[in-house]
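Have a look at the structure below, then the notes.
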Amino acid sequence: MTETGIALELSGVTKTYRISQGLFGGSKPLRALDNISLQLRKGEVLGLVGESGCGKSTLAKVLLGLEQPTNGEVHVYGQPFASHDRKWIARRIQPIFQDPYSSLNPRKTVREIITLPLRVHDVVESREWDKEVGGMLDLVGLPQRLIDASPSQMSGGQRQRVAIARALIMRPKVVICDEPTSALDVSVQSQILNLLMDLRDELGLTYLFISHNLAVVEHIASRVAVMYLGRVVEQAPADRIFDAPKHPYASALLDSILTPDPSLGVPDVNMDGNFPNPVEPPSGCTFHPRCPSATALCSRKRPEPVDQDSGFVTCHLHDPAHQGEMA
Amino acid sequence: MTGIDNDMIIAPSPAQQMRRRALRHWGFLIGGSLLGLIVLLALIAPLIAPHDPYVQDLSQRFLRPVFMGGTWEYPLGTDHLGRDYLSRLLYGARISLTIGLVTAIISGLIGTTLGVAAGYFGGRVDTIVMFIITVRLSMPVVLVALAVVALFGGSLTVVVLVLGFLLWDQFAVVMRTSTQQIRSQDYLISAQALGCSTTRIVMTEIMPNVLNNLIVIITLEMAHAIILEAALSFLGLGVQPPLPSWGLMIAEGKDMLFFEPFLITIPGIALFALIFSINMLGDGVRDVTAPENRN
């Protein structure tokens with residue numbers, strides 16, 4: 001292991017898709033990920049939030065090795081992705097998906113689902129498999145009698161525990177949680193979240209926690225990154241960003257959390273317009289058409305990340321170089 | 001008694017549920033047992049056939065079946081060459097079943113390979129496969145079969161090969177759609193994220209989930225092939241005499257339609273029963289297995 005303390009590092013990761021514009025229109029580039037740089041320290045939980053279509057899922061696919069980044073590099077525990085194959089990545093990074101009804105093959109038993117990683121990677125002898133599966137069932141809090149059950153015999157929470165057992169049986173370093181609780185009952189959500197936190201302490205895991213649910217992120221994440229149109233606009237420790245978001249988009253997003261008090265109604269997020277077409281992103285700062293504090297500079301010049309409180313914010317408002325113009 | 005321990009309750013497994021549904025499905029039971037009976041009779045034909053199906057006895061031509069005043073010596077009568085009709089019927093079942101099964105296997109292999117490849121890889125592979133399917137659909141089966149048989153002569157092998165290479169379109173279309181549905185499921189992405197090979201993903205993640213659709217298409221195409229063989233043989237371009245194909249038996253009896261109609265009705269009823277049972281079974285398989293697919 002390296003001494004850097006960094007589990008996962010993305011430097012300048014860009015993913016561009018070609019979007020066909022009909023028969024004679026040729027194709028246009030769609031930047032799903034635009035120059036993303038993130039660091040996950042060992043043992044931390046990085047919450048990744050943003051609207052639908054901002055590139056969260058593309059980022060997850062790149063980190064799982066399912067998509068090659070167009071540009072940039074990913075390092076896990078100091079080693080670059082590029083020089084290794086998908087199996088190598090699979091042993092280090094594993095996913096937990098949103099919908100436990102679609103993430104388990106309905107034709108397989110729990111035993112078959114959890115041993116699949118062992119079959120593929122051939123790291124444990126086959127007579128040890130049952131012992132391994134039994135251990136995993138204990139670890140995720142499932143009774144041993146479910147070992148030969150099929151997914152259709154289990155509840156959503158139980159299925160999600162099976163999915164977690166499958167993800168962890170190879171002892172990965174980093175787990176990509178793609179909305180792991182949003183398909184579950186509220187009562188089960190907290191059980192799964194607590195299980196994830198216990199497993200992190202027990203196995204020394206690092207989580208990238210992708211979610212819409214800001215309340216969950218506030219509860220579980222140690223740091224938060226906010227994405228907008230393929231870019232990370234702000235990244236900061238969780239308590240700082242929830243107390244005092246710097247980027248106008250981050251503050252609008254956090255203001256949009258519904259309060260339990262119905263008399264307050266839907267919160268006014270003070271944000272104009274709709275989500276822009278990602279194929280033709282706005283000039284300058286891509287957020288400027290919706291930004292309440294946008295100035296002429298914002299539509300001309302793209303902001304660069306400015307380091308702030310052990311994170312960064314990508315906004316001219318907080319860039320000392322432009323303090324005069326933004327006044 | 002302390003009541004029921006809630007933790008010990010477990011829903012019935014998919015296999016148990018399927019068995020329960022199968023035992024309640026009349027079409028499945030009737031189709032299955034009728035087809036089972038025909039297969040059994042075809043298998044033990046040499047043991048139960050009263051005569052050699054090829055031996056001619058011109059002194060015993062056009063004897064009527066026992067229920068039309070014939071004797072038990074020839075329970076279903078004899079044909080225009082004095083061959084025992086029951087024995088020919090039993091051996092004919094072997095031919096029909098062979099043609100149905102081998103054709104379904106050949107066309108199933110072709111169609112499933114094309115369909116799963118198109119559904120799984122998508123993009124350019126899908127475009128090419130769709131083009132091949134369109135080309136295949138634009139060719140009339142009977143016409144192509146007639147042309148090929150006219151070129152190479154009719155025989156059991158030629159008929160099976162021609163039908164096998166023509167009847168794969170349904171397999172390809174259905175397998176393509178079912179694979180597309182599964183492709184976006186998270187368990188497939190999870191298998192990819194594990195570094196599974198494409199072969200493993202197709203064999204262990206996709207195939208078990210499209211198997212019920214495959215079985216239904218196999219039964220439909222078996223019935224289709226058997227009917228087509230009968231039609232080709234009736235036209236004299238399929239299985240050649242003296243093989244006892246049911247279609248050929250109908251063709252040979254057609255001259256006597258107004259005098260000895262049993263020559264046509266008996267193989268006709270046999271053909272009907274076989275197709276009916278296969279289709280009932282296929283429908284049943286779909287009903288019995290489908291609820292699972294919808295979770």
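Residue numbering restarts at 1 in every chain; chains get A, B, ... in the order shown in the structure tokens, and ligands count up from 1 in that same order.
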
Point to revise | Spatial neighbours of stretch 184-200 of chain B, 8 Å, only C-alpha atoms, chain gap at least 6 places, as a list in words | key: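 Counting only the stated atoms, we get Leu64, Gly65, Leu66, Arg86, Lys87, Ala90, Arg91, Gln94, Pro95, Phe97, Asp99, Ser102, Ser103, Leu104, Asn105, Pro117 and Val120 of chain A.
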
Using only C-alpha atoms, please write the residues we just selected to a file, as a PDB file, in the first residue's frame.
ATOM      1  CA  LEU A  64     -16.012   0.489 -12.462  1.00  0.00           C
ATOM      2  CA  GLY A  65     -13.977   0.181 -15.638  1.00  0.00           C
ATOM      3  CA  LEU A  66     -17.108  -0.205 -17.761  1.00  0.00           C
ATOM      4  CA  ARG A  86     -11.155  -5.023 -15.835  1.00  0.00           C
ATOM      5  CA  LYS A  87     -10.627  -7.954 -13.468  1.00  0.00           C
ATOM      6  CA  ALA A  90     -13.001  -5.434 -10.154  1.00  0.00           C
ATOM      7  CA  ARG A  91     -10.907  -6.742  -7.253  1.00  0.00           C
ATOM      8  CA  GLN A  94     -17.144  -2.884  -6.593  1.00  0.00           C
ATOM      9  CA  PRO A  95     -20.608  -1.395  -7.058  1.00  0.00           C
ATOM     10  CA  PHE A  97     -26.777  -0.556  -7.112  1.00  0.00           C
ATOM     11  CA  ASP A  99     -32.598  -1.285  -7.250  1.00  0.00           C
ATOM     12  CA  SER A 102     -32.857  -5.628 -10.752  1.00  0.00           C
ATOM     13  CA  SER A 103     -29.374  -6.130  -9.355  1.00  0.00           C
ATOM     14  CA  LEU A 104     -29.859  -9.830  -8.519  1.00  0.00           C
ATOM     15  CA  ASN A 105     -30.364 -12.435 -11.235  1.00  0.00           C
ATOM     16  CA  PRO A 117     -17.012 -13.238  -7.813  1.00  0.00           C
ATOM     17  CA  VAL A 120     -14.713 -15.476 -11.891  1.00  0.00           C
TER      18      VAL A 120
END

Practice item. Please identify all polymer residues within 9 Å of A:Val45, counting only C-alpha atoms, omitting same-chain residues fewer than 4 positions from it, and present them as a list of chain:residue names. Key: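 Within the cut-off, the hits are A:Leu40, A:Arg41, A:Leu205, A:Thr206, A:Tyr207, A:Leu208, A:Phe209, A:Ile220, A:Ala221, A:Ser222, A:Arg223, A:Val224.
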
**Study point:** Contacts of A:Val133 at 10 Å (only C-alpha atoms; same-chain gap of 3+ positions) as a list in words
**Key:**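 Surrounding residues, per the criterion: Val110, Arg111, Glu112, Ile113, Ile114, Thr115, Leu118, Glu128, Trp129, Asp130, Met136, Leu137, Asp138, Leu139, Gln144, Ile147, Ala165, Arg166 and Ile169 of chain A.
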
Practice item. Could you please write out, as number ranges by chain, every residue of stretch 62-130 of chain A that DSSP assigns to strand (DSSP E)? Key: A: 71-76, 79-80, 93-96

Could the residues in this selection be saved with N, CA and C atoms as a short mmCIF file (atom, residue, chain, number, x, y, z; two decimals), in the first residue's frame?
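Writing the result to result-v1.cif gives the following:
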data_model
loop_
_atom_site.label_atom_id
_atom_site.label_comp_id
_atom_site.auth_asym_id
_atom_site.auth_seq_id
_atom_site.Cartn_x
_atom_site.Cartn_y
_atom_site.Cartn_z
N ASN A 71 -10.33 11.24 -21.56
CA ASN A 71 -9.12 11.92 -21.13
C ASN A 71 -8.97 11.74 -19.64
N GLY A 72 -7.77 11.92 -19.14
CA GLY A 72 -7.57 11.89 -17.71
C GLY A 72 -7.27 10.50 -17.19
N GLU A 73 -6.98 10.43 -15.90
CA GLU A 73 -6.55 9.17 -15.32
C GLU A 73 -7.24 8.90 -14.00
N VAL A 74 -7.42 7.60 -13.71
CA VAL A 74 -7.94 7.20 -12.41
C VAL A 74 -6.87 6.35 -11.73
N HIS A 75 -6.57 6.66 -10.49
CA HIS A 75 -5.63 5.85 -9.72
C HIS A 75 -6.36 5.25 -8.53
N VAL A 76 -6.15 3.96 -8.29
CA VAL A 76 -6.69 3.38 -7.07
C VAL A 76 -5.52 2.88 -6.23
N GLN A 79 -2.20 3.26 -7.95
CA GLN A 79 -1.90 2.58 -9.21
C GLN A 79 -2.89 3.01 -10.29
N PRO A 80 -2.39 3.27 -11.49
CA PRO A 80 -3.28 3.75 -12.55
C PRO A 80 -4.15 2.65 -13.13
N ILE A 93 -12.49 -2.26 -6.88
CA ILE A 93 -13.66 -1.39 -6.84
C ILE A 93 -14.90 -2.20 -7.17
N GLN A 94 -15.91 -2.15 -6.34
CA GLN A 94 -17.14 -2.88 -6.59
C GLN A 94 -18.36 -1.96 -6.41
N PRO A 95 -19.43 -2.26 -7.14
CA PRO A 95 -20.61 -1.39 -7.06
C PRO A 95 -21.70 -1.98 -6.15
N ILE A 96 -22.50 -1.09 -5.59
CA ILE A 96 -23.78 -1.48 -4.99
C ILE A 96 -24.83 -0.63 -5.69
#

Check your understanding: Quick one, how far is atom CA of B:Thr177 from atom CA of B:Ser138?
Key ->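 Atom CA of B:Thr177 sits 20.2 Å away from atom CA of B:Ser138.
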
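With only C-alpha atoms as the basis for measurement, A:Ser150 is the residue among A:Arg161, A:Val62, A:Lys15, A:Ser150 that approaches B:Gln17 most closely.
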
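Considering only C-alpha atoms, the residue among A:Ala296, A:Val279, A:Leu146, A:Ile36 positioned nearest to A:Gly53 is A:Val279.
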
**Study point:** Non-local contacts of stretch 52-58 of chain B (9 Å; only C-alpha atoms; under 4 positions in same chain excluded) as a PyMOL selection string
**Key:** chain B and resi 46+80-91+242-244

Same residues, C-alpha atoms, saved as a PDB file, in the first residue's frame:
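What landed in out-v3.pdb:
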ATOM      1  CA  PRO B  46     -40.637 -51.472 -33.671  1.00  0.00           C
ATOM      2  CA  HIS B  80     -52.790 -48.854 -52.115  1.00  0.00           C
ATOM      3  CA  LEU B  81     -49.776 -51.179 -51.965  1.00  0.00           C
ATOM      4  CA  GLY B  82     -51.190 -53.369 -49.213  1.00  0.00           C
ATOM      5  CA  ARG B  83     -48.913 -51.989 -46.473  1.00  0.00           C
ATOM      6  CA  ASP B  84     -50.220 -51.983 -42.898  1.00  0.00           C
ATOM      7  CA  TYR B  85     -51.532 -48.454 -42.167  1.00  0.00           C
ATOM      8  CA  LEU B  86     -51.052 -48.594 -38.383  1.00  0.00           C
ATOM      9  CA  SER B  87     -47.391 -49.566 -38.738  1.00  0.00           C
ATOM     10  CA  ARG B  88     -46.816 -46.793 -41.272  1.00  0.00           C
ATOM     11  CA  LEU B  89     -48.545 -44.326 -38.963  1.00  0.00           C
ATOM     12  CA  LEU B  90     -46.306 -45.310 -36.046  1.00  0.00           C
ATOM     13  CA  TYR B  91     -43.128 -45.066 -38.097  1.00  0.00           C
ATOM     14  CA  PRO B 242     -41.343 -45.480 -49.416  1.00  0.00           C
ATOM     15  CA  LEU B 243     -40.618 -43.583 -46.173  1.00  0.00           C
ATOM     16  CA  PRO B 244     -43.896 -43.368 -44.211  1.00  0.00           C
TER      17      PRO B 244
END

Exercise for review: Measuring atom to atom with only C-alpha atoms, identify which of B:Leu41, B:Leu146, B:Ala117, B:Ile227 is nearest to B:Leu271.
Suggested key: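 Result for the nearest residue to B:Leu271: B:Ile227.
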
Practice item. Please provide the set of residues having any atom within 10 Å of B:Gly31, restricted to only C-alpha atoms, with same-chain residues fewer than 2 positions apart removed, written as number ranges by chain. Key: B: 26-29, 33-37, 273-284

Taking the DSSP assignment computed from this structure's backbone, write out as a JSON list (two decimals) with C-alpha atoms, in the first residue's frame all residues of stretch 99-177 of chain A that belong to alpha helix (DSSP H).
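To be explicit, this is the file written out as selection.json:
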[["chain", "number", "residue", "atom", "x", "y", "z"],
["A", 110, "VAL", "CA", -28.21, -16.49, -2.96],
["A", 111, "ARG", "CA", -25.32, -18.95, -2.88],
["A", 112, "GLU", "CA", -24.77, -18.66, -6.65],
["A", 113, "ILE", "CA", -25.03, -14.88, -6.57],
["A", 114, "ILE", "CA", -22.53, -14.41, -3.77],
["A", 115, "THR", "CA", -20.02, -16.97, -5.09],
["A", 116, "LEU", "CA", -19.98, -15.52, -8.62],
["A", 117, "PRO", "CA", -17.01, -13.24, -7.81],
["A", 118, "LEU", "CA", -15.10, -16.24, -6.44],
["A", 119, "ARG", "CA", -15.83, -18.26, -9.59],
["A", 120, "VAL", "CA", -14.71, -15.48, -11.89],
["A", 121, "HIS", "CA", -11.57, -14.53, -10.02],
["A", 129, "TRP", "CA", -16.86, -21.27, -1.04],
["A", 130, "ASP", "CA", -19.63, -22.29, 1.33],
["A", 131, "LYS", "CA", -17.60, -21.12, 4.29],
["A", 132, "GLU", "CA", -16.95, -17.78, 2.59],
["A", 133, "VAL", "CA", -20.65, -17.33, 1.75],
["A", 134, "GLY", "CA", -21.63, -18.22, 5.30],
["A", 135, "GLY", "CA", -19.19, -15.63, 6.61],
["A", 136, "MET", "CA", -20.55, -12.98, 4.26],
["A", 137, "LEU", "CA", -24.16, -13.73, 5.28],
["A", 138, "ASP", "CA", -23.17, -13.22, 8.92],
["A", 139, "LEU", "CA", -21.34, -10.04, 8.05],
["A", 140, "VAL", "CA", -24.33, -8.46, 6.27],
["A", 156, "GLY", "CA", -36.01, -5.48, -0.69],
["A", 157, "GLY", "CA", -33.79, -5.01, 2.35],
["A", 158, "GLN", "CA", -32.67, -8.64, 2.30],
["A", 159, "ARG", "CA", -31.91, -8.41, -1.40],
["A", 160, "GLN", "CA", -29.82, -5.31, -0.86],
["A", 161, "ARG", "CA", -27.88, -7.19, 1.82],
["A", 162, "VAL", "CA", -27.20, -9.96, -0.70],
["A", 163, "ALA", "CA", -25.98, -7.34, -3.18],
["A", 164, "ILE", "CA", -23.67, -5.93, -0.51],
["A", 165, "ALA", "CA", -22.34, -9.41, 0.30],
["A", 166, "ARG", "CA", -21.60, -9.99, -3.40],
["A", 167, "ALA", "CA", -19.81, -6.65, -3.65],
["A", 168, "LEU", "CA", -17.68, -7.26, -0.56]]
